[in-house]
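*Asks:* If it helps, the file is called protein01.csv and holds CSV, C-alpha atoms:
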chain,number,residue,atom,x,y,z
A,1,MET,CA,21.8,25.9,30.7
A,2,ILE,CA,21.0,22.4,31.8
A,3,PRO,CA,19.9,20.1,28.9
A,4,TYR,CA,17.2,17.5,29.3
A,5,GLY,CA,18.5,14.0,29.9
A,6,ILE,CA,19.6,11.4,32.3
A,7,TYR,CA,22.1,12.2,35.1
A,8,VAL,CA,23.9,10.5,37.9
A,9,LEU,CA,23.6,12.7,41.0
A,10,THR,CA,26.5,12.2,43.4
A,11,ALA,CA,27.3,13.5,46.9
A,12,GLU,CA,29.7,13.0,49.8
A,13,ASP,CA,28.9,14.2,53.2
A,14,GLY,CA,32.4,14.4,54.7
A,15,ALA,CA,31.6,11.6,57.2
A,16,GLY,CA,32.4,8.8,54.8
A,17,ASN,CA,28.9,8.5,53.3
A,18,VAL,CA,28.8,8.6,49.5
A,19,ALA,CA,25.7,8.4,47.4
A,20,ALA,CA,25.1,8.2,43.7
A,21,ALA,CA,21.7,7.9,42.0
A,22,THR,CA,20.3,8.1,38.5
A,23,VAL,CA,17.9,11.0,38.2
A,24,ASN,CA,16.1,12.6,35.3
A,25,TRP,CA,14.0,15.3,36.9
A,26,VAL,CA,16.3,18.3,36.7
A,27,ALA,CA,15.5,21.9,35.9
A,28,GLN,CA,17.4,25.1,35.9
A,29,THR,CA,15.4,27.7,37.8
A,30,THR,CA,17.6,30.8,37.4
A,31,PHE,CA,20.7,32.0,35.6
A,32,ALA,CA,21.9,34.5,38.2
A,33,PRO,CA,22.6,32.9,40.6
A,34,PRO,CA,22.6,29.6,38.8
A,35,LEU,CA,20.0,27.5,40.7
A,36,LEU,CA,18.8,23.9,40.0
A,37,VAL,CA,15.8,21.9,41.1
A,38,VAL,CA,16.4,18.1,41.3
A,39,GLY,CA,13.8,15.5,42.1
A,40,VAL,CA,15.2,13.0,44.7
A,41,LYS,CA,13.2,10.4,46.6
A,42,THR,CA,13.1,11.5,50.3
A,43,ASP,CA,13.3,7.8,51.5
A,44,SER,CA,16.6,7.2,49.5
A,45,GLY,CA,20.1,7.1,50.8
A,46,ALA,CA,21.1,9.8,48.3
A,47,TYR,CA,18.6,12.2,49.8
A,48,LYS,CA,20.1,11.7,53.3
A,49,THR,CA,23.6,12.2,52.0
A,50,ILE,CA,22.7,15.3,50.1
A,51,GLN,CA,21.0,16.8,53.1
A,52,ALA,CA,24.1,16.3,55.2
A,53,ALA,CA,26.5,17.4,52.5
A,54,ARG,CA,24.5,20.5,51.4
A,55,SER,CA,26.0,20.0,47.9
A,56,PHE,CA,26.1,17.5,45.0
A,57,ALA,CA,27.3,17.0,41.5
A,58,LEU,CA,25.2,16.2,38.4
A,59,ASN,CA,27.1,13.9,36.1
A,60,MET,CA,25.6,14.2,32.6
A,61,LEU,CA,25.1,11.0,30.6
A,62,GLY,CA,24.6,10.6,26.8
A,63,LYS,CA,22.7,7.9,24.9
A,64,GLU,CA,25.7,5.7,24.8
A,65,HIS,CA,25.8,5.7,28.7
A,66,LYS,CA,22.7,3.6,29.2
A,67,SER,CA,24.5,0.9,31.2
A,68,LEU,CA,26.1,3.6,33.4
A,69,ALA,CA,22.6,4.9,34.2
A,70,PHE,CA,21.4,1.4,35.2
A,71,THR,CA,24.4,1.0,37.5
A,72,PHE,CA,23.1,3.7,39.8
A,73,PHE,CA,19.5,2.5,40.0
A,74,ARG,CA,20.8,0.4,43.0
A,75,PRO,CA,22.4,1.6,46.3
A,76,THR,CA,26.0,2.8,45.8
A,77,ASP,CA,28.9,0.5,46.7
A,78,VAL,CA,32.2,2.3,47.4
A,79,THR,CA,35.1,-0.2,47.0
A,80,ASP,CA,38.7,0.2,45.9
A,81,GLY,CA,38.2,4.0,45.2
A,82,LYS,CA,35.3,3.4,42.8
A,83,LEU,CA,31.5,4.1,43.0
A,84,SER,CA,29.7,0.9,42.1
A,85,GLY,CA,32.7,-0.1,40.0
A,86,GLN,CA,33.1,3.3,38.3
A,87,PRO,CA,36.2,5.5,38.7
A,88,TYR,CA,35.7,9.0,40.0
A,89,ARG,CA,37.4,12.1,41.3
A,90,LYS,CA,36.3,14.7,43.8
A,91,GLY,CA,34.7,17.9,42.3
A,92,THR,CA,35.1,21.4,43.7
A,93,THR,CA,32.4,20.9,46.3
A,94,GLY,CA,33.7,17.5,47.3
A,95,ALA,CA,31.0,15.6,45.4
A,96,PRO,CA,32.2,12.7,43.3
A,97,ILE,CA,32.6,13.3,39.5
A,98,LEU,CA,32.4,10.2,37.4
A,99,ILE,CA,35.4,9.9,35.1
A,100,ASP,CA,33.3,8.2,32.3
A,101,ALA,CA,30.6,10.8,32.3
A,102,PRO,CA,30.9,13.3,29.4
A,103,GLY,CA,30.3,16.3,31.7
A,104,ALA,CA,29.3,17.4,35.2
A,105,ALA,CA,27.9,20.3,37.0
A,106,CYS,CA,28.7,21.2,40.6
A,107,PRO,CA,26.2,23.8,41.7
A,108,PRO,CA,27.2,25.9,44.7
A,109,PRO,CA,26.3,24.4,48.2
A,110,CYS,CA,22.7,24.7,49.2
A,111,PRO,CA,22.0,27.2,52.1
A,112,LYS,CA,20.4,25.5,55.1
A,113,GLY,CA,16.7,25.2,54.6
A,114,ALA,CA,16.9,25.4,50.8
A,115,ALA,CA,15.9,21.8,50.3
A,116,VAL,CA,12.2,21.2,50.3
A,117,PRO,CA,11.1,17.6,51.0
Just give me the structure as structure tokens.

*Replies:*
Amino acid sequence: MIPYGIYVLTAEDGAGNVAAATVNWVAQTTFAPPLLVVGVKTDSGAYKTIQAARSFALNMLGKEHKSLAFTFFRPTDVTDGKLSGQPYRKGTTGAPILIDAPGAACPPPCPKGAAVP
């Protein structure tokens, strides 16, 4: 079950494009299979990267991570192996997992045509 809150959605498309964006419109739609709905602006770089990657990670933030949420209100900068200055590792789908986030969910890859603009 996905709790209400603030998340940093991350994705990497395999062609060197990495995106991270703060999101708060997330809902679990089914348990079996586990499916999520996430609101992402269609004119954002994150949307384009997610479309190409077909997968993403949701990095869950707590109240104490307010500054981390603000970091990803701006376009992502990947420098020295960090996303906008934040350390990360690759998750099971290849999407970045923020080391400082208390938790993350990596839903299975989206089938082609599953995203609705």

*Asks:* Using atom CA of A:Thr30 and atom CA of A:Thr49 as the two end points, give the distance in Å to one decimal.

*Replies:* 24.4 Å

*Asks:* Out of A:Ile6, A:Ala19, A:Ala53, A:Lys63, which residue has the shortest atom-to-atom distance to A:Val38 when counting only C-alpha atoms?

*Replies:* A:Ile6

*Asks:* Give me the residues within 12 Å of A:Gly94 as a PyMOL selection string, counting only C-alpha atoms and dropping any in the same chain fewer than 4 places off.

*Replies:* chain A and resi 10-18+50+53-57+88-90+106-109

*Asks:* Please, what distance in Å, to one decimal, runs between atom CA of A:Gly5 and atom CA of A:Glu64?

*Replies:*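 Calculated distance between atom CA of A:Gly5 and atom CA of A:Glu64 is 12.1 Å.
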
*Asks:* Separation of atom CA of A:Ala95 and atom CA of A:Val8, in Å?

*Replies:*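 Distance between the two atoms: 11.5 Å.
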
*Asks:* Which residues come within 12 Å of A:Pro87, counting all atoms listed in the file, excluding same-chain residues fewer than 3 positions away, as an NGL selection string?

*Replies:* :A and (68 or 77-84 or 90 or 96-101)

*Asks:* What's the 8 Å shell around A:Val37, counting only C-alpha atoms, without same-chain residues fewer than 3 positions away, as a list in words?

*Replies:* Val26, Ala27, Gln28 and Thr29 of chain A

*Asks:* Tell me which of A:Ala105, A:Ala69, A:Leu61, A:Val23 sits closest to A:Ala46, counting all atoms listed in the file.

*Replies:*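 Looking at the shortest contact to A:Ala46, the residue is A:Val23.
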
*Asks:* Using all atoms listed in the file, determine which residues lie at most 10 Å from A:Thr71, disregarding the query and same-chain residues fewer than 3 positions distant; provide the list as JSON, numbers by chain.

*Replies:* {"A": [8, 20, 21, 22, 66, 67, 68, 74, 75, 76, 83, 84, 85, 86]}

*Asks:* From the options A:Ser44, A:Gly103, A:Thr93, A:Asn59, which residue's atoms come nearest to A:Asn24, counting all atoms listed in the file?

*Replies:* A:Asn59

*Asks:* Restricting the calculation to all atoms listed in the file, which member of A:Met60, A:Leu36, A:Leu9, A:Ala104 is positioned closest to A:Gly91?

*Replies:*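 For A:Gly91, the nearest of the candidates is A:Ala104.
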